[in-house]
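The next block is query32.tsv, given as TSV, C-alpha atoms.
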```
chain	number	residue	atom	x	y	z
A	1	MET	CA	120.51	75.92	136.92
A	2	ALA	CA	119.46	75.77	133.27
A	3	SER	CA	115.82	75.20	132.39
A	4	ASP	CA	114.98	72.17	130.26
A	5	ARG	CA	113.22	74.58	127.87
A	6	GLU	CA	116.60	76.13	127.07
A	7	ASP	CA	118.20	72.84	126.06
A	8	PHE	CA	117.82	72.12	122.34
A	9	THR	CA	118.16	68.36	122.81
A	10	LEU	CA	115.28	68.32	125.31
A	11	CYS	CA	112.78	70.78	123.87
A	12	GLY	CA	113.92	71.52	120.33
A	13	PRO	CA	111.99	70.29	117.29
A	14	SER	CA	111.60	66.54	117.11
A	15	SER	CA	111.74	66.57	113.33
A	16	HIS	CA	112.95	68.84	110.50
A	17	LEU	CA	116.58	68.20	111.48
A	18	THR	CA	117.23	65.84	108.61
A	19	ASN	CA	116.25	66.44	105.00
A	20	LEU	CA	115.45	70.08	105.70
A	21	ASP	CA	113.32	71.32	102.82
A	22	TRP	CA	113.54	75.09	102.42
A	23	ALA	CA	110.53	75.05	100.10
A	24	ASN	CA	108.39	73.63	102.93
A	25	GLU	CA	106.65	76.44	104.84
A	26	ASN	CA	106.48	74.34	108.00
A	27	HIS	CA	110.25	73.89	107.91
A	28	GLN	CA	110.72	77.61	107.32
A	29	ARG	CA	108.57	78.44	110.34
A	30	CYS	CA	110.39	75.88	112.49
A	31	VAL	CA	113.82	77.29	111.63
A	32	ALA	CA	112.76	80.91	112.11
A	33	ALA	CA	111.30	80.14	115.56
A	34	CYS	CA	114.43	78.25	116.62
A	35	LEU	CA	116.65	81.12	115.55
A	36	VAL	CA	114.59	83.47	117.73
A	37	GLN	CA	114.92	81.04	120.62
A	38	GLY	CA	118.66	81.17	120.07
A	39	ILE	CA	118.59	84.88	120.94
A	40	TYR	CA	116.77	84.21	124.21
A	41	ILE	CA	119.31	81.57	125.15
A	42	VAL	CA	122.41	83.49	124.11
A	43	GLU	CA	121.28	86.31	126.40
A	44	ARG	CA	120.69	83.82	129.22
A	45	ASP	CA	124.17	82.40	128.60
A	46	ARG	CA	125.53	85.93	129.04
A	47	GLN	CA	123.54	86.59	132.20
A	48	LEU	CA	124.51	83.30	133.83
A	49	GLN	CA	128.08	83.44	132.49
A	50	ARG	CA	127.70	80.08	130.78
A	51	GLU	CA	130.65	79.56	128.48
A	52	GLY	CA	132.21	76.73	126.52
A	53	SER	CA	130.52	73.38	127.05
A	54	GLN	CA	128.08	74.94	129.54
A	55	ALA	CA	126.63	77.39	127.00
A	56	LEU	CA	123.30	76.25	125.56
A	57	ALA	CA	122.62	78.69	122.73
A	58	SER	CA	124.59	77.45	119.72
A	59	PRO	CA	122.58	74.26	118.95
A	60	TRP	CA	119.58	76.47	118.23
A	61	TRP	CA	121.31	77.70	115.08
A	62	ASP	CA	124.07	75.14	114.44
A	63	SER	CA	121.44	72.43	113.91
A	64	PHE	CA	120.22	74.27	110.83
A	65	HIS	CA	123.71	75.15	109.52
A	66	PHE	CA	123.64	78.79	110.57
A	67	LYS	CA	126.47	80.79	112.06
A	68	LEU	CA	125.90	83.72	114.40
A	69	ILE	CA	128.00	86.50	112.89
A	70	ARG	CA	126.90	89.54	114.91
A	71	ARG	CA	125.13	90.15	118.20
A	72	LEU	CA	122.82	93.16	118.49
A	73	ILE	CA	123.38	94.74	121.90
A	74	ASP	CA	121.20	97.29	123.65
A	75	ASP	CA	123.06	100.48	124.45
A	76	ALA	CA	121.28	100.95	127.78
A	77	ASP	CA	121.66	97.63	129.63
A	78	PHE	CA	124.06	95.88	127.20
A	79	SER	CA	121.72	92.91	126.87
A	80	ILE	CA	121.68	90.90	123.64
A	81	PHE	CA	118.30	91.51	122.00
A	82	GLY	CA	119.00	90.22	118.50
A	83	ALA	CA	121.56	88.76	116.15
A	84	ILE	CA	122.47	88.32	112.51
A	85	TYR	CA	122.86	84.74	111.28
A	86	GLU	CA	124.51	83.53	108.10
A	87	LEU	CA	123.55	80.24	106.47
A	88	LYS	CA	126.50	77.91	105.95
A	89	PRO	CA	125.20	74.79	104.12
A	90	PRO	CA	127.24	71.58	104.49
A	91	PRO	CA	129.82	71.11	101.67
A	92	GLN	CA	128.21	67.83	100.56
A	93	GLN	CA	125.13	69.73	99.34
A	94	GLU	CA	127.16	71.48	96.67
A	95	ASP	CA	127.18	68.42	94.40
A	96	THR	CA	123.56	67.36	94.89
A	97	THR	CA	120.35	68.32	93.18
A	98	THR	CA	118.98	69.76	96.43
A	99	ILE	CA	121.25	72.80	96.11
A	100	THR	CA	118.71	74.39	93.74
A	101	THR	CA	116.06	74.26	96.43
A	102	VAL	CA	118.48	75.62	99.01
A	103	GLU	CA	119.56	78.53	96.84
A	104	SER	CA	116.08	79.49	95.70
A	105	LYS	CA	114.12	79.18	98.96
A	106	SER	CA	116.58	79.53	101.81
A	107	PRO	CA	117.83	82.84	103.16
A	108	ARG	CA	121.49	83.73	103.09
A	109	TYR	CA	121.06	85.76	106.25
A	110	VAL	CA	118.48	85.98	109.04
A	111	ILE	CA	118.08	88.76	111.59
A	112	ALA	CA	116.22	87.61	114.71
A	113	PHE	CA	114.91	89.51	117.74
A	114	ARG	CA	113.88	88.11	121.11
A	115	GLY	CA	110.97	89.31	123.21
A	116	THR	CA	110.77	90.34	126.85
A	117	LEU	CA	113.06	88.35	129.14
A	118	THR	CA	111.85	88.52	132.72
A	119	LYS	CA	115.25	88.05	134.31
A	120	PRO	CA	117.25	90.49	136.48
A	121	GLY	CA	119.79	91.25	133.76
A	122	SER	CA	117.25	92.50	131.23
A	123	ILE	CA	113.77	92.91	132.71
A	124	SER	CA	114.00	96.63	133.49
A	125	ARG	CA	114.98	97.68	129.97
A	126	ASP	CA	112.63	95.17	128.34
A	127	LEU	CA	109.63	96.44	130.31
A	128	GLU	CA	110.57	99.97	129.31
A	129	LEU	CA	110.44	98.89	125.66
A	130	ASP	CA	107.08	97.18	126.26
A	131	ILE	CA	105.69	100.48	127.52
A	132	HIS	CA	107.00	102.23	124.41
A	133	ILE	CA	105.08	99.71	122.29
A	134	ILE	CA	101.87	100.40	124.23
A	135	ARG	CA	102.38	104.14	123.76
A	136	ASN	CA	103.16	103.70	120.06
A	137	GLY	CA	106.69	104.98	120.60
A	138	LEU	CA	108.90	102.03	119.67
A	139	HIS	CA	110.24	103.96	116.67
A	140	ARG	CA	111.78	106.54	119.01
A	141	THR	CA	113.89	104.08	121.05
A	142	SER	CA	117.61	103.51	120.69
A	143	ARG	CA	117.09	99.73	120.55
A	144	PHE	CA	114.92	100.10	117.47
A	145	ASP	CA	117.53	102.42	115.95
A	146	ILE	CA	120.12	99.65	116.33
A	147	ALA	CA	117.73	97.05	114.90
A	148	MET	CA	116.72	99.23	111.96
A	149	GLN	CA	120.33	100.03	111.12
A	150	ALA	CA	121.13	96.31	111.05
A	151	VAL	CA	118.10	95.39	108.92
A	152	GLY	CA	118.55	98.31	106.55
A	153	SER	CA	122.26	97.79	106.00
A	154	MET	CA	121.87	94.04	105.43
A	155	ALA	CA	119.00	94.54	102.98
A	156	THR	CA	121.19	96.98	101.06
A	157	SER	CA	124.38	94.92	101.12
A	158	VAL	CA	123.05	91.40	100.46
A	159	GLY	CA	119.69	92.17	98.83
A	160	ALA	CA	116.23	91.91	100.37
A	161	SER	CA	115.57	88.59	98.60
A	162	ASN	CA	118.47	86.99	100.51
A	163	LEU	CA	117.33	88.20	103.93
A	164	TRP	CA	114.74	87.07	106.48
A	165	ILE	CA	113.72	88.94	109.61
A	166	THR	CA	111.97	87.25	112.50
A	167	GLY	CA	111.03	87.91	116.10
A	168	HIS	CA	108.82	86.90	118.99
A	169	SER	CA	106.54	89.11	121.11
A	170	MET	CA	108.35	92.43	121.58
A	171	GLY	CA	110.94	91.17	119.08
A	172	ALA	CA	108.12	90.55	116.59
A	173	ALA	CA	107.04	94.17	117.02
A	174	MET	CA	110.64	95.20	116.35
A	175	ALA	CA	110.81	93.07	113.20
A	176	LEU	CA	107.37	94.25	112.07
A	177	LEU	CA	108.30	97.91	112.41
A	178	ALA	CA	111.62	97.37	110.63
A	179	GLY	CA	109.87	95.50	107.83
A	180	LYS	CA	107.23	98.21	107.50
A	181	THR	CA	109.89	100.91	107.35
A	182	LEU	CA	111.62	99.14	104.47
A	183	ALA	CA	108.34	98.31	102.71
A	184	LYS	CA	107.40	101.98	102.60
A	185	THR	CA	110.48	102.48	100.42
A	186	GLY	CA	109.60	99.57	98.13
A	187	VAL	CA	111.96	97.06	99.78
A	188	TYR	CA	110.21	93.85	100.84
A	189	VAL	CA	111.85	91.40	103.23
A	190	LYS	CA	110.43	87.97	104.05
A	191	SER	CA	109.30	88.10	107.67
A	192	PHE	CA	108.21	85.60	110.31
A	193	LEU	CA	106.46	87.32	113.21
A	194	PHE	CA	105.54	85.21	116.24
A	195	ASN	CA	102.93	86.51	118.73
A	196	PRO	CA	103.39	90.18	117.81
A	197	PRO	CA	101.57	92.49	120.25
A	198	PHE	CA	98.37	94.12	119.05
A	199	VAL	CA	97.76	97.14	121.29
A	200	SER	CA	94.00	97.08	121.69
A	201	PRO	CA	91.35	95.86	124.14
A	202	PRO	CA	91.13	92.04	123.77
A	203	ILE	CA	87.78	92.06	121.96
A	204	GLU	CA	88.60	88.71	120.36
A	205	ARG	CA	88.22	87.03	123.74
A	206	ILE	CA	84.52	88.00	123.95
A	207	SER	CA	82.52	84.87	123.18
A	208	ASN	CA	79.46	86.59	121.69
A	209	GLU	CA	80.17	87.24	118.02
A	210	ARG	CA	77.52	89.98	117.68
A	211	VAL	CA	78.96	91.87	120.64
A	212	ARG	CA	82.47	91.57	119.20
A	213	SER	CA	81.30	92.85	115.83
A	214	GLY	CA	79.35	95.73	117.38
A	215	LEU	CA	82.30	96.87	119.47
A	216	ARG	CA	84.63	96.79	116.47
A	217	ILE	CA	82.23	98.76	114.27
A	218	ALA	CA	81.75	101.34	117.05
A	219	GLY	CA	85.51	101.58	117.51
A	220	SER	CA	86.05	102.11	113.79
A	221	LEU	CA	83.43	104.87	113.67
A	222	VAL	CA	84.88	106.73	116.65
A	223	THR	CA	88.46	106.38	115.42
A	224	ALA	CA	87.57	107.43	111.88
A	225	GLY	CA	85.66	110.44	113.23
A	226	LEU	CA	88.62	111.62	115.29
A	227	ALA	CA	90.96	111.00	112.36
A	228	PHE	CA	88.72	113.07	110.08
A	229	SER	CA	88.70	115.86	112.67
A	230	ARG	CA	92.47	115.90	112.71
A	231	THR	CA	92.49	115.98	108.90
A	232	LEU	CA	90.40	119.15	109.05
A	233	LYS	CA	92.93	120.63	111.46
A	234	GLN	CA	95.74	119.78	109.07
A	235	ALA	CA	93.86	121.65	106.34
A	236	GLN	CA	94.69	124.81	108.27
A	237	GLN	CA	98.43	124.08	108.05
A	238	PRO	CA	100.73	125.72	105.47
A	239	LEU	CA	100.12	124.47	101.92
A	240	GLN	CA	103.51	122.73	101.68
A	241	LEU	CA	102.82	120.65	104.79
A	242	GLN	CA	99.31	119.81	103.54
A	243	GLU	CA	100.74	118.45	100.28
A	244	ARG	CA	103.17	116.25	102.19
A	245	ASN	CA	100.37	114.82	104.36
A	246	LEU	CA	98.14	114.12	101.35
A	247	SER	CA	100.91	112.40	99.42
A	248	GLU	CA	101.61	109.94	102.22
A	249	ASP	CA	99.48	106.79	102.00
A	250	PRO	CA	101.12	104.17	104.24
A	251	LEU	CA	98.54	101.51	103.41
A	252	LYS	CA	99.15	101.75	99.68
A	253	ALA	CA	102.92	101.69	100.15
A	254	LEU	CA	102.73	98.66	102.44
A	255	SER	CA	100.14	96.65	100.54
A	256	LEU	CA	102.69	94.62	98.54
A	257	TRP	CA	104.48	93.38	101.67
A	258	LEU	CA	103.11	90.07	102.96
A	259	PRO	CA	104.62	89.13	106.35
A	260	ASP	CA	103.82	85.82	108.02
A	261	ILE	CA	102.03	86.69	111.28
A	262	HIS	CA	101.67	83.80	113.75
A	263	VAL	CA	99.07	84.15	116.51
A	264	ASN	CA	97.29	82.04	119.10
A	265	PRO	CA	93.66	82.78	120.12
A	266	GLY	CA	94.60	82.08	123.75
A	267	ASP	CA	97.20	84.85	123.73
A	268	HIS	CA	95.42	88.13	124.43
A	269	LEU	CA	98.50	90.12	123.38
A	270	CYS	CA	98.25	89.05	119.76
A	271	SER	CA	94.82	87.41	119.28
A	272	GLU	CA	93.20	90.66	118.14
A	273	TYR	CA	94.97	90.22	114.78
A	274	ILE	CA	92.33	87.56	114.06
A	275	GLY	CA	89.46	89.97	114.54
A	276	PHE	CA	91.37	92.83	112.93
A	277	PHE	CA	91.55	91.13	109.55
A	278	GLU	CA	88.10	89.54	109.76
A	279	HIS	CA	86.52	92.88	110.73
A	280	ARG	CA	88.21	94.67	107.86
A	281	GLY	CA	86.72	92.17	105.43
A	282	ASN	CA	83.28	92.57	107.02
A	283	MET	CA	83.43	96.35	106.73
A	284	GLU	CA	84.36	96.12	103.06
A	285	GLN	CA	81.36	93.85	102.46
A	286	LEU	CA	79.01	96.39	104.06
A	287	GLY	CA	79.66	98.83	101.22
A	288	TYR	CA	81.92	101.55	99.92
A	289	GLY	CA	81.23	103.98	102.77
A	290	ALA	CA	82.01	101.44	105.47
A	291	GLY	CA	85.20	100.51	103.64
A	292	ILE	CA	86.34	104.14	103.69
A	293	VAL	CA	85.60	104.38	107.41
A	294	GLU	CA	87.67	101.27	108.14
A	295	ARG	CA	90.51	102.42	105.88
A	296	MET	CA	90.74	105.67	107.84
A	297	ALA	CA	90.32	103.98	111.23
A	298	MET	CA	92.99	101.33	110.72
A	299	GLN	CA	95.66	103.94	110.04
A	300	HIS	CA	95.31	105.49	113.48
A	301	SER	CA	95.47	104.63	117.16
A	302	LEU	CA	92.34	105.62	119.09
A	303	GLY	CA	94.45	106.42	122.15
A	304	GLY	CA	96.83	108.55	120.10
A	305	LEU	CA	93.96	110.45	118.49
A	306	LEU	CA	92.39	111.16	121.88
A	307	MET	CA	95.71	112.47	123.18
A	308	ASP	CA	96.08	114.59	120.06
A	309	ALA	CA	92.57	116.00	120.48
A	310	MET	CA	93.44	116.99	124.06
A	311	GLY	CA	96.68	118.59	122.91
A	312	VAL	CA	98.87	116.07	124.74
A	313	SER	CA	100.76	114.70	121.69
A	314	ASN	CA	102.65	116.53	119.01
A	315	ALA	CA	103.62	116.07	115.36
A	316	VAL	CA	106.54	113.83	116.27
A	317	ASP	CA	104.11	111.25	117.68
A	318	VAL	CA	101.94	111.04	114.58
A	319	GLN	CA	102.56	107.57	113.18
A	320	GLU	CA	100.24	104.69	112.47
A	321	PRO	CA	100.32	101.98	115.17
A	322	VAL	CA	102.94	99.25	114.75
A	323	HIS	CA	100.27	96.58	114.36
A	324	VAL	CA	98.62	98.27	111.37
A	325	ILE	CA	99.46	96.15	108.36
A	326	PRO	CA	97.28	96.09	105.22
A	327	SER	CA	98.32	92.68	103.86
A	328	ALA	CA	99.50	89.57	105.66
A	329	LYS	CA	99.53	85.82	105.79
A	330	LEU	CA	97.89	85.09	109.13
A	331	ILE	CA	98.74	81.72	110.70
A	332	VAL	CA	96.49	80.85	113.65
A	333	ASN	CA	97.35	78.04	116.07
A	334	ARG	CA	93.99	76.48	116.92
A	335	THR	CA	95.53	73.91	119.27
A	336	ALA	CA	94.13	74.31	122.79
A	337	SER	CA	96.65	75.84	125.20
A	338	GLU	CA	96.83	75.01	128.89
A	339	ASP	CA	97.41	78.62	129.88
A	340	TYR	CA	98.49	82.04	128.64
A	341	LYS	CA	102.18	81.20	129.01
A	342	GLU	CA	101.84	78.31	126.58
A	343	ALA	CA	99.68	80.33	124.17
A	344	HIS	CA	102.27	83.11	124.08
A	345	GLY	CA	105.36	80.91	124.02
A	346	ILE	CA	107.78	80.58	121.12
A	347	HIS	CA	108.00	76.79	121.57
A	348	GLN	CA	104.63	76.10	119.93
A	349	TRP	CA	105.89	77.31	116.55
A	350	TRP	CA	108.41	74.51	115.97
A	351	ARG	CA	106.20	71.68	117.20
A	352	ASP	CA	104.76	69.42	114.50
A	353	ASP	CA	101.58	68.45	116.38
A	354	GLN	CA	99.86	71.83	116.19
A	355	ASP	CA	96.58	72.64	114.40
A	356	LEU	CA	97.57	75.59	112.22
A	357	VAL	CA	95.13	77.44	109.97
A	358	SER	CA	96.42	80.05	107.54
A	359	ASN	CA	94.68	82.73	105.50
A	360	ILE	CA	96.09	85.37	103.18
A	361	TYR	CA	94.64	88.88	103.47
A	362	LEU	CA	95.42	91.22	100.59
A	363	PHE	CA	94.71	94.93	100.80
A	364	LYS	CA	92.36	96.21	98.10
```

Could the structure of this file be written out as structure tokens, please?
Amino acid sequence: MASDREDFTLCGPSSHLTNLDWANENHQRCVAACLVQGIYIVERDRQLQREGSQALASPWWDSFHFKLIRRLIDDADFSIFGAIYELKPPPQQEDTTTITTVESKSPRYVIAFRGTLTKPGSISRDLELDIHIIRNGLHRTSRFDIAMQAVGSMATSVGASNLWITGHSMGAAMALLAGKTLAKTGVYVKSFLFNPPFVSPPIERISNERVRSGLRIAGSLVTAGLAFSRTLKQAQQPLQLQERNLSEDPLKALSLWLPDIHVNPGDHLCSEYIGFFEHRGNMEQLGYGAGIVERMAMQHSLGGLLMDAMGVSNAVDVQEPVHVIPSAKLIVNRTASEDYKEAHGIHQWWRDDQDLVSNIYLFK
């Protein structure tokens, strides 16, 4: 039996359906979240063999004049984990003045990725991907290869300015990594990331601000120290490899990309983004030396550095954590949540009764 939360008419946005303004950031967020929900539901339609009038997925994109043109299917369990949408505005807009707004602010295409679906037809593979995220190995999975190929080819064929990418939870990590990969080449895609996982102890949930700050400073010092130690090891490598390592500055390459990151303080999987950006600003205010320490620390995973120091990892594993992003627009939902499920849910991001606070963090 279908859940009410899958039915667009019962739990979809109560507004934004008429007079959709693509220049309105709230409308943009609403549409992006609904398109992600469409991926969850299209996979549930597949699992439950809901077809025709019984299928529930299409209103999640039809209501905003999108057409699903390609499903992204995992090669291990054949579940649908993403899709490519194409915007098909109603013909009557062609002769109105609103077409300028549509053309300048709306995407022509959107690629959306769902998160973990705890249902028999997908849970095993999804949990496997979750573990890869924790181990900083998402970039080595076949699902990410499929996602990256789709994002890369669409950005090339239609232009990055005509493309959005979006995702929720694990899907947000997928979209974030794809966006970062393109940004390192100078290609910047507008991105809406909902509850992306931040692999770190949930320091943000500690109520004492001084304790939180102390733990973050200690973590930065330890991480930076281990990173510096590995840099000294790399100095013993062949000169050609040293030059390659020195020339790579992921933070500088990524600094011009400004994804929209949506988090909820009640969601321990993503709430650390709040402290991550605030702590970085605090370290920069402490002085030049502290800023250098934080710059080095934020490029590395403490767990990965410890494994490297013990000889467990190898060169293939050396990559900054997925959550490391130098610049971002951080949107925090300050509305009180009843429980973790509500704080982590995609539904909050299309509701119009939420207390959202946004800040832009630019890398210096």

For segment 60-65 of chain A, please output as a PyMOL selection string all residues within 10 Å (counting all atoms listed in the file; exclusion window: fewer than 5 positions along the same chain).
chain A and resi 6-9+12-13+16-18+20+31-39+41-42+85-90

Atom-to-atom span, atom CA of Ala328 of chain A and atom CA of Lys180 of chain A, Å:
11.7 Å

For Ser191 of chain A, which residue out of A:Gly266, A:Pro107, A:Pro91, A:Pro120 is the nearest one, using only C-alpha atoms?
A:Pro107

Using all atoms listed in the file, the shortest atom-to-atom distance to Arg44 of chain A among A:Ala112, A:Lys364, A:Leu127, A:Ser122 belongs to A:Ser122

Could you please determine the separation between atom CA of Asp353 of chain A and atom CA of Thr335 of chain A in Å, to one decimal place?
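Computing it gives 8.6 Å between the two atoms.
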
For Thr141 of chain A, work out the shell of residues within 8 Å, counting all atoms listed in the file and skipping chain neighbours fewer than 3 positions away, then give it as a list in words.
Leu129, His132, Gly137, Leu138, Phe144 and Asp145 of chain A

Please list as a ChimeraX atom specification every residue within 7 Å of Ile84 of chain A, counting only C-alpha atoms and excluding residues in the same chain fewer than 3 positions away.
/A:68-71,109-112

Taking (97.4, 89.0, 107.7) as a centre in this file's frame and 6 Å as the limit, can you find every polymer residue with an atom that close, using only C-alpha atoms, and give them as a PyMOL selection string?
chain A and resi 327-330+360-361

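The space separating atom CA of Ala150 of chain A from atom CA of Leu72 of chain A comes to 8.3 Å.
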
Test item: which residues lie within 12 Å of (120.9, 94.0, 136.0) counting all atoms listed in the file, as an NGL selection string:
:A and (46-48 or 76-79 or 117-126)

Could the residues in this selection be written to a file with C-alpha atoms, as a PDB file, keeping the file's coordinate frame?
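Contents of result-v4.pdb, as written:
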```
ATOM      1  CA  ARG A  46     125.530  85.930 129.040  1.00  0.00           C
ATOM      2  CA  GLN A  47     123.540  86.590 132.200  1.00  0.00           C
ATOM      3  CA  LEU A  48     124.510  83.300 133.830  1.00  0.00           C
ATOM      4  CA  ALA A  76     121.280 100.950 127.780  1.00  0.00           C
ATOM      5  CA  ASP A  77     121.660  97.630 129.630  1.00  0.00           C
ATOM      6  CA  PHE A  78     124.060  95.880 127.200  1.00  0.00           C
ATOM      7  CA  SER A  79     121.720  92.910 126.870  1.00  0.00           C
ATOM      8  CA  LEU A 117     113.060  88.350 129.140  1.00  0.00           C
ATOM      9  CA  THR A 118     111.850  88.520 132.720  1.00  0.00           C
ATOM     10  CA  LYS A 119     115.250  88.050 134.310  1.00  0.00           C
ATOM     11  CA  PRO A 120     117.250  90.490 136.480  1.00  0.00           C
ATOM     12  CA  GLY A 121     119.790  91.250 133.760  1.00  0.00           C
ATOM     13  CA  SER A 122     117.250  92.500 131.230  1.00  0.00           C
ATOM     14  CA  ILE A 123     113.770  92.910 132.710  1.00  0.00           C
ATOM     15  CA  SER A 124     114.000  96.630 133.490  1.00  0.00           C
ATOM     16  CA  ARG A 125     114.980  97.680 129.970  1.00  0.00           C
ATOM     17  CA  ASP A 126     112.630  95.170 128.340  1.00  0.00           C
TER      18      ASP A 126
END
```

Given only C-alpha atoms as the counted atoms, nearest of A:Asn333, A:Gln28, A:Thr185, A:Ser3 to Thr166 of chain A
A:Gln28

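Distances here use only C-alpha atoms; by that measure, the residue among A:Val189, A:Arg143, A:Tyr273, A:His168 closest to Thr156 of chain A is A:Val189.
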